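S.K.: Quick one, work_25.pdb (PDB, C-alpha atoms):
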ATOM      1  CA  MET A   1     117.010  97.284 115.355
ATOM      2  CA  LYS A   2     114.012  98.030 113.183
ATOM      3  CA  PRO A   3     111.136  95.931 111.841
ATOM      4  CA  ASN A   4     111.784  94.015 108.620
ATOM      5  CA  PRO A   5     109.741  95.867 105.954
ATOM      6  CA  ASN A   6     108.462  92.488 104.709
ATOM      7  CA  VAL A   7     106.705  91.860 108.029
ATOM      8  CA  LEU A   8     102.990  92.662 108.283
ATOM      9  CA  PHE A   9     101.402  93.157 111.678
ATOM     10  CA  LYS A  10      98.097  93.795 113.345
ATOM     11  CA  ARG A  11      96.691  94.149 116.829
ATOM     12  CA  LEU A  12      94.179  91.585 118.015
ATOM     13  CA  GLY A  13      93.035  92.865 121.386
ATOM     14  CA  ASP A  14      96.078  93.087 123.675
ATOM     15  CA  GLU A  15      98.179  90.850 121.447
ATOM     16  CA  MET A  16      99.980  91.526 118.176
ATOM     17  CA  VAL A  17     100.158  89.093 115.276
ATOM     18  CA  LEU A  18     103.085  89.331 112.849
ATOM     19  CA  PHE A  19     103.334  87.743 109.406
ATOM     20  CA  ASN A  20     106.702  87.375 107.711
ATOM     21  CA  LEU A  21     106.304  87.456 103.936
ATOM     22  CA  ASP A  22     109.855  86.150 103.508
ATOM     23  CA  THR A  23     109.093  82.908 105.341
ATOM     24  CA  ASP A  24     105.279  82.575 105.114
ATOM     25  CA  HIS A  25     105.178  82.186 108.924
ATOM     26  CA  PHE A  26     103.216  84.096 111.526
ATOM     27  CA  TYR A  27     103.806  84.847 115.204
ATOM     28  CA  GLU A  28     101.884  85.906 118.272
ATOM     29  CA  LEU A  29     103.253  88.524 120.653
ATOM     30  CA  ASN A  30     101.767  88.806 124.140
ATOM     31  CA  ALA A  31     100.637  92.204 125.431
ATOM     32  CA  PRO A  32     104.022  93.601 126.629
ATOM     33  CA  ALA A  33     105.839  92.290 123.541
ATOM     34  CA  ALA A  34     103.046  93.750 121.372
ATOM     35  CA  ARG A  35     103.631  97.163 122.936
ATOM     36  CA  PHE A  36     107.381  96.779 122.390
ATOM     37  CA  TRP A  37     106.791  96.018 118.694
ATOM     38  CA  GLU A  38     104.311  98.850 118.361
ATOM     39  CA  LEU A  39     106.828 101.378 119.683
ATOM     40  CA  LEU A  40     109.653  99.921 117.597
ATOM     41  CA  SER A  41     107.574 100.027 114.414
ATOM     42  CA  ALA A  42     106.590 103.635 115.136
ATOM     43  CA  GLY A  43     110.255 104.565 114.697
ATOM     44  CA  SER A  44     111.597 104.518 118.264
ATOM     45  CA  ASP A  45     115.010 102.967 118.860
ATOM     46  CA  THR A  46     115.359 100.218 121.464
ATOM     47  CA  ALA A  47     116.533 102.634 124.181
ATOM     48  CA  GLN A  48     113.507 104.876 123.616
ATOM     49  CA  VAL A  49     111.201 101.857 123.614
ATOM     50  CA  SER A  50     112.632 100.695 126.947
ATOM     51  CA  GLU A  51     112.233 104.124 128.534
ATOM     52  CA  GLN A  52     108.634 104.313 127.382
ATOM     53  CA  MET A  53     107.905 100.844 128.718
ATOM     54  CA  LEU A  54     109.441 101.658 132.103
ATOM     55  CA  ASP A  55     106.862 104.449 132.297
ATOM     56  CA  GLU A  56     103.981 102.201 131.314
ATOM     57  CA  TYR A  57     104.689  98.930 133.149
ATOM     58  CA  ALA A  58     105.501  97.941 136.710
ATOM     59  CA  VAL A  59     108.881  96.435 135.868
ATOM     60  CA  ASP A  60     112.388  97.302 137.015
ATOM     61  CA  ARG A  61     115.105  98.390 134.619
ATOM     62  CA  ASP A  62     117.229  95.226 134.898
ATOM     63  CA  GLN A  63     114.337  92.880 134.288
ATOM     64  CA  LEU A  64     113.184  94.922 131.309
ATOM     65  CA  ALA A  65     116.698  94.941 129.854
ATOM     66  CA  ASN A  66     116.927  91.138 130.163
ATOM     67  CA  GLU A  67     113.487  90.604 128.670
ATOM     68  CA  ALA A  68     114.096  93.060 125.841
ATOM     69  CA  GLY A  69     117.414  91.435 124.984
ATOM     70  CA  ALA A  70     115.824  88.010 124.768
ATOM     71  CA  LEU A  71     112.891  89.299 122.720
ATOM     72  CA  LEU A  72     115.139  91.124 120.253
ATOM     73  CA  ALA A  73     117.285  88.000 119.855
ATOM     74  CA  SER A  74     114.157  85.967 119.040
ATOM     75  CA  LEU A  75     112.853  88.609 116.641
ATOM     76  CA  GLN A  76     116.218  88.721 114.900
ATOM     77  CA  GLN A  77     116.478  84.943 114.722
ATOM     78  CA  GLU A  78     113.075  84.794 113.035
ATOM     79  CA  GLY A  79     113.999  87.565 110.589
ATOM     80  CA  LEU A  80     111.354  89.891 111.992
ATOM     81  CA  VAL A  81     113.793  92.726 112.689
ATOM     82  CA  THR A  82     116.933  93.911 110.971
ATOM     83  CA  SER A  83     119.889  95.855 112.257
ATOM     84  CA  GLY A  84     118.999  99.509 111.687
ATOM     85  CA  GLU A  85     121.521 102.088 110.561
TER
ATOM     86  CA  MET B  86      89.222 106.103 101.818
ATOM     87  CA  ILE B  87      89.792 102.479 102.907
ATOM     88  CA  GLN B  88      93.318 101.158 102.608
ATOM     89  CA  VAL B  89      94.897  97.904 103.695
ATOM     90  CA  THR B  90      98.459  98.585 104.850
ATOM     91  CA  ARG B  91     101.317  96.715 106.536
ATOM     92  CA  ARG B  92      99.963  98.047 109.830
ATOM     93  CA  GLY B  93      96.358  96.945 109.211
ATOM     94  CA  THR B  94      93.305  98.624 107.696
ATOM     95  CA  GLU B  95      93.148 102.411 107.688
ATOM     96  CA  PHE B  96      89.919 104.302 107.153
ATOM     97  CA  SER B  97      89.807 108.012 106.452
ATOM     98  CA  GLY B  98      86.391 108.475 104.849
ATOM     99  CA  SER B  99      83.724 110.959 105.831
ATOM    100  CA  ALA B 100      80.177 110.021 106.795
ATOM    101  CA  GLU B 101      79.071 111.367 103.395
ATOM    102  CA  ALA B 102      81.529 109.155 101.512
ATOM    103  CA  LEU B 103      80.285 106.124 103.419
ATOM    104  CA  GLU B 104      76.704 107.069 102.625
ATOM    105  CA  ASP B 105      77.604 107.338  98.926
ATOM    106  CA  LEU B 106      78.996 103.796  98.959
ATOM    107  CA  ARG B 107      75.923 102.533 100.833
ATOM    108  CA  SER B 108      73.700 104.159  98.244
ATOM    109  CA  GLN B 109      75.748 102.742  95.356
ATOM    110  CA  PHE B 110      75.624  99.251  96.827
ATOM    111  CA  GLU B 111      71.880  99.533  97.358
ATOM    112  CA  ARG B 112      71.270 100.639  93.752
ATOM    113  CA  HIS B 113      73.925  98.761  91.767
ATOM    114  CA  HIS B 114      74.757  95.811  94.088
ATOM    115  CA  TYR B 115      78.480  96.568  94.035
ATOM    116  CA  PHE B 116      80.949  99.327  94.825
ATOM    117  CA  GLN B 117      84.627  99.869  94.087
ATOM    118  CA  LEU B 118      87.436 100.624  96.516
ATOM    119  CA  PRO B 119      90.274 102.224  94.522
ATOM    120  CA  GLY B 120      93.722 101.583  95.980
ATOM    121  CA  LEU B 121      92.505  99.184  98.654
ATOM    122  CA  LEU B 122      95.963  97.618  98.792
ATOM    123  CA  GLU B 123      98.717 100.106  99.646
ATOM    124  CA  ALA B 124     101.144 100.389  96.689
ATOM    125  CA  GLY B 125     104.236  99.157  98.568
ATOM    126  CA  LEU B 126     102.342  96.227 100.006
ATOM    127  CA  LEU B 127     100.925  95.359  96.595
ATOM    128  CA  GLU B 128     104.452  95.265  95.182
ATOM    129  CA  LEU B 129     105.584  92.890  97.959
ATOM    130  CA  ILE B 130     102.664  90.587  97.228
ATOM    131  CA  GLN B 131     103.141  90.736  93.466
ATOM    132  CA  ARG B 132     106.781  89.722  93.907
ATOM    133  CA  GLN B 133     105.694  86.685  95.920
ATOM    134  CA  ILE B 134     103.102  85.817  93.279
ATOM    135  CA  ASP B 135     105.790  86.018  90.585
ATOM    136  CA  ARG B 136     107.695  83.279  92.452
ATOM    137  CA  GLY B 137     104.573  81.134  92.941
ATOM    138  CA  GLU B 138     103.047  78.376  90.899
ATOM    139  CA  PHE B 139      99.574  78.396  89.323
ATOM    140  CA  ARG B 140      97.594  75.252  88.631
ATOM    141  CA  GLU B 141      94.467  74.877  86.522
ATOM    142  CA  ARG B 142      91.326  74.568  88.592
ATOM    143  CA  VAL B 143      87.669  73.916  87.781
ATOM    144  CA  HIS B 144      85.023  74.687  90.418
ATOM    145  CA  GLU B 145      82.658  71.739  90.653
ATOM    146  CA  ARG B 146      79.505  73.440  91.881
ATOM    147  CA  ILE B 147      79.016  75.905  89.032
ATOM    148  CA  ASP B 148      78.602  75.562  85.257
ATOM    149  CA  SER B 149      81.465  75.866  82.801
ATOM    150  CA  ASN B 150      84.471  77.549  84.353
ATOM    151  CA  LYS B 151      88.232  77.310  84.368
ATOM    152  CA  GLU B 152      91.024  79.331  85.970
ATOM    153  CA  LEU B 153      94.568  79.096  87.233
ATOM    154  CA  CYS B 154      94.875  79.033  91.027
ATOM    155  CA  LEU B 155      97.978  80.052  93.013
ATOM    156  CA  THR B 156      99.387  77.296  95.212
ATOM    157  CA  GLU B 157     102.000  77.341  97.996
ATOM    158  CA  SER B 158     102.844  81.031  98.121
ATOM    159  CA  ALA B 159     103.437  83.489 100.953
ATOM    160  CA  ALA B 160     101.261  85.889  98.934
ATOM    161  CA  PHE B 161      98.226  83.790  99.800
ATOM    162  CA  GLY B 162      99.054  83.791 103.534
ATOM    163  CA  ALA B 163      99.722  87.530 103.441
ATOM    164  CA  LEU B 164      96.398  88.278 101.752
ATOM    165  CA  LEU B 165      94.478  86.140 104.231
ATOM    166  CA  PHE B 166      96.344  87.885 107.046
ATOM    167  CA  LEU B 167      95.542  91.326 105.646
ATOM    168  CA  MET B 168      91.901  90.792 104.724
ATOM    169  CA  ASN B 169      90.983  89.076 107.985
ATOM    170  CA  ASP B 170      90.952  92.411 109.745
ATOM    171  CA  GLU B 171      88.391  93.575 112.274
ATOM    172  CA  LYS B 172      88.368  97.178 111.069
ATOM    173  CA  LEU B 173      87.878  96.111 107.436
ATOM    174  CA  PHE B 174      85.054  93.785 108.505
ATOM    175  CA  ARG B 175      83.183  96.576 110.308
ATOM    176  CA  VAL B 176      83.533  99.072 107.421
ATOM    177  CA  ILE B 177      82.281  96.552 104.835
ATOM    178  CA  GLN B 178      79.474  95.530 107.168
ATOM    179  CA  ASP B 179      78.517  99.165 107.687
ATOM    180  CA  ILE B 180      78.401  99.899 103.944
ATOM    181  CA  THR B 181      76.605  96.735 102.854
ATOM    182  CA  GLN B 182      74.388  96.367 105.946
ATOM    183  CA  CYS B 183      75.093  92.641 105.808
ATOM    184  CA  ALA B 184      75.176  90.138 108.664
ATOM    185  CA  ARG B 185      78.110  90.399 111.101
ATOM    186  CA  ILE B 186      81.382  89.579 109.317
ATOM    187  CA  ASN B 187      83.886  87.426 111.179
ATOM    188  CA  SER B 188      86.294  86.202 108.499
ATOM    189  CA  PHE B 189      87.398  86.397 104.886
ATOM    190  CA  GLU B 190      88.137  83.386 102.707
ATOM    191  CA  GLY B 191      89.691  83.728  99.282
ATOM    192  CA  ARG B 192      92.051  82.482  96.599
ATOM    193  CA  VAL B 193      94.485  84.052  94.153
ATOM    194  CA  TYR B 194      93.455  83.215  90.604
ATOM    195  CA  ARG B 195      94.687  84.072  87.131
ATOM    196  CA  LEU B 196      92.799  84.243  83.837
ATOM    197  CA  ASN B 197      94.994  83.986  80.757
ATOM    198  CA  PRO B 198      93.700  85.246  77.406
ATOM    199  CA  GLY B 199      92.904  82.605  74.802
ATOM    200  CA  GLN B 200      92.789  79.678  77.243
ATOM    201  CA  GLY B 201      89.067  79.598  77.943
ATOM    202  CA  HIS B 202      89.518  80.901  81.499
ATOM    203  CA  HIS B 203      86.247  82.343  82.859
ATOM    204  CA  ASP B 204      83.483  81.838  85.429
ATOM    205  CA  SER B 205      79.899  81.247  84.320
ATOM    206  CA  TRP B 206      76.764  82.470  86.127
ATOM    207  CA  HIS B 207      76.579  81.512  89.819
ATOM    208  CA  ASN B 208      75.756  83.115  93.164
ATOM    209  CA  ASP B 209      78.350  81.828  95.691
ATOM    210  CA  ILE B 210      75.630  81.490  98.335
ATOM    211  CA  GLY B 211      76.336  79.057 101.191
ATOM    212  CA  GLU B 212      79.094  78.332 103.692
ATOM    213  CA  ASN B 213      78.253  81.502 105.699
ATOM    214  CA  ARG B 214      79.291  83.816 102.853
ATOM    215  CA  VAL B 215      77.694  87.252 103.083
ATOM    216  CA  VAL B 216      79.483  89.612 100.629
ATOM    217  CA  GLY B 217      81.929  89.007  97.756
ATOM    218  CA  MET B 218      85.173  90.882  97.050
ATOM    219  CA  SER B 219      87.787  90.791  94.292
ATOM    220  CA  VAL B 220      91.113  92.650  94.558
ATOM    221  CA  ASN B 221      93.037  93.233  91.331
ATOM    222  CA  LEU B 222      96.669  92.087  91.650
ATOM    223  CA  SER B 223      97.551  92.398  87.947
ATOM    224  CA  ARG B 224     100.636  94.450  87.106
ATOM    225  CA  ALA B 225      99.257  95.689  83.770
ATOM    226  CA  VAL B 226      95.839  96.674  82.473
ATOM    227  CA  TYR B 227      93.966  93.702  81.016
ATOM    228  CA  SER B 228      90.947  93.609  78.685
ATOM    229  CA  GLY B 229      87.812  91.589  79.389
ATOM    230  CA  GLY B 230      87.713  89.725  82.705
ATOM    231  CA  VAL B 231      84.600  91.742  83.517
ATOM    232  CA  LEU B 232      82.376  91.078  86.545
ATOM    233  CA  GLN B 233      78.768  90.988  85.370
ATOM    234  CA  ILE B 234      75.748  90.808  87.675
ATOM    235  CA  ARG B 235      72.188  89.831  86.680
ATOM    236  CA  LYS B 236      68.844  89.024  88.252
ATOM    237  CA  ARG B 237      68.565  85.253  88.619
ATOM    238  CA  GLU B 238      64.902  84.864  87.647
ATOM    239  CA  SER B 239      64.672  87.213  84.676
ATOM    240  CA  GLY B 240      68.293  87.264  83.561
ATOM    241  CA  GLU B 241      68.090  91.059  83.432
ATOM    242  CA  PRO B 242      71.589  92.612  83.650
ATOM    243  CA  VAL B 243      71.986  94.867  86.691
ATOM    244  CA  GLY B 244      75.677  95.706  86.676
ATOM    245  CA  GLU B 245      78.960  95.285  84.869
ATOM    246  CA  VAL B 246      82.277  96.401  86.272
ATOM    247  CA  VAL B 247      85.869  96.306  85.116
ATOM    248  CA  ASN B 248      88.506  96.471  87.811
ATOM    249  CA  THR B 249      91.824  97.051  86.109
ATOM    250  CA  GLY B 250      93.574  99.371  88.583
ATOM    251  CA  SER B 251      96.338  97.556  90.489
ATOM    252  CA  GLY B 252      95.291  97.124  94.116
ATOM    253  CA  ASP B 253      91.691  98.221  93.458
ATOM    254  CA  ALA B 254      88.803  96.146  94.801
ATOM    255  CA  ILE B 255      85.183  95.446  93.912
ATOM    256  CA  VAL B 256      82.781  94.509  96.690
ATOM    257  CA  PHE B 257      79.576  92.880  95.419
ATOM    258  CA  ARG B 258      76.313  91.529  96.739
ATOM    259  CA  LEU B 259      75.716  87.813  97.299
ATOM    260  CA  SER B 260      72.049  86.902  97.136
ATOM    261  CA  ARG B 261      69.828  84.106  95.906
ATOM    262  CA  ASP B 262      68.132  86.746  93.723
ATOM    263  CA  PHE B 263      71.308  87.606  91.791
ATOM    264  CA  GLN B 264      74.034  85.806  89.882
ATOM    265  CA  HIS B 265      77.448  86.951  88.713
ATOM    266  CA  ARG B 266      80.094  85.771  86.277
ATOM    267  CA  ILE B 267      83.552  86.706  85.026
ATOM    268  CA  THR B 268      84.042  86.991  81.268
ATOM    269  CA  GLU B 269      87.104  85.734  79.406
ATOM    270  CA  VAL B 270      90.187  87.945  79.253
ATOM    271  CA  GLU B 271      91.054  89.281  75.791
ATOM    272  CA  GLY B 272      94.234  90.661  74.246
ATOM    273  CA  SER B 273      97.629  89.680  75.624
ATOM    274  CA  VAL B 274      97.587  90.605  79.334
ATOM    275  CA  SER B 275      96.480  88.142  82.044
ATOM    276  CA  LYS B 276      94.200  89.042  84.931
ATOM    277  CA  THR B 277      95.402  88.119  88.432
ATOM    278  CA  ALA B 278      93.112  88.718  91.392
ATOM    279  CA  PHE B 279      92.515  87.764  95.014
ATOM    280  CA  ALA B 280      88.830  86.938  95.222
ATOM    281  CA  GLY B 281      86.623  85.531  97.917
ATOM    282  CA  TRP B 282      83.959  86.195 100.462
ATOM    283  CA  PHE B 283      83.396  87.945 103.755
ATOM    284  CA  LYS B 284      81.805  85.330 105.996
ATOM    285  CA  ALA B 285      79.688  85.234 109.144
ATOM    286  CA  GLN B 286      81.620  82.181 110.377
ATOM    287  CA  PRO B 287      84.220  81.061 111.368
ATOM    288  CA  ASP B 288      85.768  83.716 113.578
ATOM    289  CA  ALA B 289      89.160  84.687 112.114
ATOM    290  CA  SER B 290      90.650  85.732 115.438
ATOM    291  CA  SER B 291      90.606  82.071 116.522
ATOM    292  CA  ALA B 292      92.980  81.296 113.655
ATOM    293  CA  PHE B 293      95.557  83.841 114.820
ATOM    294  CA  ILE B 294      95.397  83.807 118.640
ATOM    295  CA  GLU B 295      95.153  80.669 120.738
ATOM    296  CA  ASN B 296      92.839  81.542 123.610
ATOM    297  CA  ASP B 297      94.235  78.885 125.942
ATOM    298  CA  GLN B 298      97.688  80.397 125.597
ATOM    299  CA  LYS B 299      96.268  83.882 126.121
ATOM    300  CA  ARG B 300      94.790  82.772 129.442
ATOM    301  CA  LYS B 301      98.127  81.310 130.546
ATOM    302  CA  ASP B 302     100.019  84.440 129.454
ATOM    303  CA  SER B 303      97.685  86.717 131.395
ATOM    304  CA  GLN B 304      98.585  84.890 134.602
ATOM    305  CA  LEU B 305     102.339  85.434 134.187
ATOM    306  CA  PRO B 306     104.313  88.307 135.726
ATOM    307  CA  PHE B 307     105.794  90.843 133.282
ATOM    308  CA  SER B 308     107.528  89.058 130.444
ATOM    309  CA  PHE B 309     107.864  89.338 126.689
ATOM    310  CA  ARG B 310     106.615  86.295 124.847
ATOM    311  CA  ILE B 311     106.798  85.491 121.159
ATOM    312  CA  ARG B 312     105.119  82.355 119.857
ATOM    313  CA  PRO B 313     106.061  81.086 116.391
ATOM    314  CA  ARG B 314     102.912  79.655 114.790
ATOM    315  CA  GLY B 315     104.050  78.514 111.338
ATOM    316  CA  PRO B 316     102.061  79.217 108.166
ATOM    317  CA  ILE B 317      98.637  80.888 108.343
ATOM    318  CA  PRO B 318      96.145  78.128 109.259
ATOM    319  CA  ALA B 319      93.949  78.659 106.203
ATOM    320  CA  ASP B 320      91.761  75.690 107.151
ATOM    321  CA  HIS B 321      90.581  77.661 110.236
ATOM    322  CA  LEU B 322      89.083  80.245 107.910
ATOM    323  CA  TYR B 323      87.045  77.875 105.744
TER
END
Go ahead and express the file in the form of structure tokens.

M.R.:
Amino acid sequence: MKPNPNVLFKRLGDEMVLFNLDTDHFYELNAPAARFWELLSAGSDTAQVSEQMLDEYAVDRDQLANEAGALLASLQQEGLVTSGE
Amino acid sequence: MIQVTRRGTEFSGSAEALEDLRSQFERHHYFQLPGLLEAGLLELIQRQIDRGEFRERVHERIDSNKELCLTESAAFGALLFLMNDEKLFRVIQDITQCARINSFEGRVYRLNPGQGHHDSWHNDIGENRVVGMSVNLSRAVYSGGVLQIRKRESGEPVGEVVNTGSGDAIVFRLSRDFQHRITEVEGSVSKTAFAGWFKAQPDASSAFIENDQKRKDSQLPFSFRIRPRGPIPADHLY
């Protein structure tokens, strides 16, 4: 997965705000999801993002995997990420 | 030196470059920001504008004027999203020494040659506006469409600037002592620009983040949350 190039984003404090030029809609990400997006947009793949987040947050691997799966499904549904090659 | 990108505003200028802009603004009441909009981003926005619809608009509070105004386009939302940026606010505030900037309000307009499109002398003062900015979104170089600035009392010209580079911006002073206008476009190429004002109020962050939800989120254990918010709430910025 990688960010859709037509999505603009910016940090506002701990949160991240995304704007999808394809749909004219915007989204708020809470602090952990903002960090996930930040790492993904910096070029990390989802496995690398998860490893980095395990280092940074007090969360176990299973919970992170479940949360990440749900987040990626939402991001994909909203056209905010695309399947990367 | 200052560039608006998909990731937000990036600033790479030296203290000397900032001082030069401060000095230019002090002396000439405007300065230019070449390449303010990153080229790839500009292309994305121009494509959205191409799909949009323009309607003729006359501003009621100034003398003779007429323009085409973009309606219902993701380009408008994107530009509001991009220009309502904390880092951009602080850089502009630092250069112009204006009151604290908390939001940007603007519109995408087009001036076609031969259709009487122009703005006559006015000052844009009011509604918490502190500094003006116009970003050129035109694909080709146009003629005319010049920003002219004069002293209000004497009518003495103090500045005239063309801004024909795609993605370039002009930042100009708003004051009761000065007026500005935009001349008609000549030749065969239209001028398209995103123009508006940095404002002291309202606070743009309130348009993008709902503080009540932030409080609730901060009380939750670790979880990812994404909140769809719909189109940019432009009315929060006016």

S.K.: Please evaluate the PyMOL selection byres ((chain B) within 6 of (chain A)) against the structure above and give the resulting residues as a VMD selection string.

M.R.: chain B and resid 91 to 93 159 309 to 316

S.K.: Would you mind listing what lies within 10 Å of Arg224 of chain B as a list in words, with all atoms listed in the file counted and same-chain residues fewer than 6 positions away left out?

M.R.: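 Near neighbours after the sequence-gap exclusion: Leu127, Glu128, Gln131, Thr249, Gly250, Ser251, Gly252, Val274, Ser275, Lys276 and Thr277 of chain B.
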
S.K.: Keeping only C-alpha atoms, write the selected residues as a short mmCIF file (atom, residue, chain, number, x, y, z; two decimals), in the coordinates of the input.

M.R.:
data_model
loop_
_atom_site.label_atom_id
_atom_site.label_comp_id
_atom_site.auth_asym_id
_atom_site.auth_seq_id
_atom_site.Cartn_x
_atom_site.Cartn_y
_atom_site.Cartn_z
CA LEU B 127 100.92 95.36 96.60
CA GLU B 128 104.45 95.26 95.18
CA GLN B 131 103.14 90.74 93.47
CA THR B 249 91.82 97.05 86.11
CA GLY B 250 93.57 99.37 88.58
CA SER B 251 96.34 97.56 90.49
CA GLY B 252 95.29 97.12 94.12
CA VAL B 274 97.59 90.60 79.33
CA SER B 275 96.48 88.14 82.04
CA LYS B 276 94.20 89.04 84.93
CA THR B 277 95.40 88.12 88.43
#

S.K.: Given the choices B:Ser219, B:Asn187, B:Gln233, B:Ser108, which gets closest to Leu121 of chain B if the distance is worked out from only C-alpha atoms?

M.R.: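 Smallest separation from Leu121 of chain B among the options: B:Ser219.
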
S.K.: List the residues selected by the PyMOL selection byres ((chain B and resi 152) around 8) in the file shown, writing them as a list in words.

M.R.: Glu141, Arg142, Val143, Asn150, Lys151, Leu153, Cys154, Tyr194, Arg195, Leu196, His202, His203 and Asp204 of chain B

S.K.: Of the candidates B:Ile255, B:Val226, B:Leu106, B:Ile294, which one gets nearest to Gln182 of chain B if we count all atoms listed in the file?

M.R.: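 Of the candidates, the smallest distance to Gln182 of chain B is held by B:Leu106.
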
S.K.: Using Å and a single decimal, report how far atom CA of Arg235 of chain B sits from atom CA of Arg261 of chain B.

M.R.: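 Those two atoms sit 11.1 Å apart.
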
S.K.: Output segment 231-257 of chain B from the block with C-alpha atoms, as a CSV table (one decimal), in the first residue's frame?

M.R.:
chain,number,residue,atom,x,y,z
B,231,VAL,CA,-1.3,43.6,-13.7
B,232,LEU,CA,-1.6,44.3,-10.0
B,233,GLN,CA,-1.1,48.1,-9.4
B,234,ILE,CA,-0.8,49.7,-6.0
B,235,ARG,CA,-1.2,53.5,-5.3
B,236,LYS,CA,-1.5,55.8,-2.3
B,237,ARG,CA,-5.2,56.4,-1.5
B,238,GLU,CA,-5.0,60.1,-0.8
B,239,SER,CA,-2.7,61.3,-3.5
B,240,GLY,CA,-3.2,58.6,-6.1
B,241,GLU,CA,0.5,58.4,-6.5
B,242,PRO,CA,1.5,55.0,-8.0
B,243,VAL,CA,3.8,53.0,-5.6
B,244,GLY,CA,4.0,49.6,-7.3
B,245,GLU,CA,3.1,47.6,-10.4
B,246,VAL,CA,3.7,43.9,-10.7
B,247,VAL,CA,3.0,41.2,-13.3
B,248,ASN,CA,2.9,37.7,-12.0
B,249,THR,CA,2.9,35.4,-15.1
B,250,GLY,CA,5.0,32.5,-13.8
B,251,SER,CA,2.8,29.4,-13.2
B,252,GLY,CA,2.6,28.8,-9.4
B,253,ASP,CA,4.3,32.1,-8.5
B,254,ALA,CA,2.7,34.3,-5.9
B,255,ILE,CA,2.5,38.0,-5.0
B,256,VAL,CA,2.0,39.0,-1.4
B,257,PHE,CA,0.9,42.6,-1.0
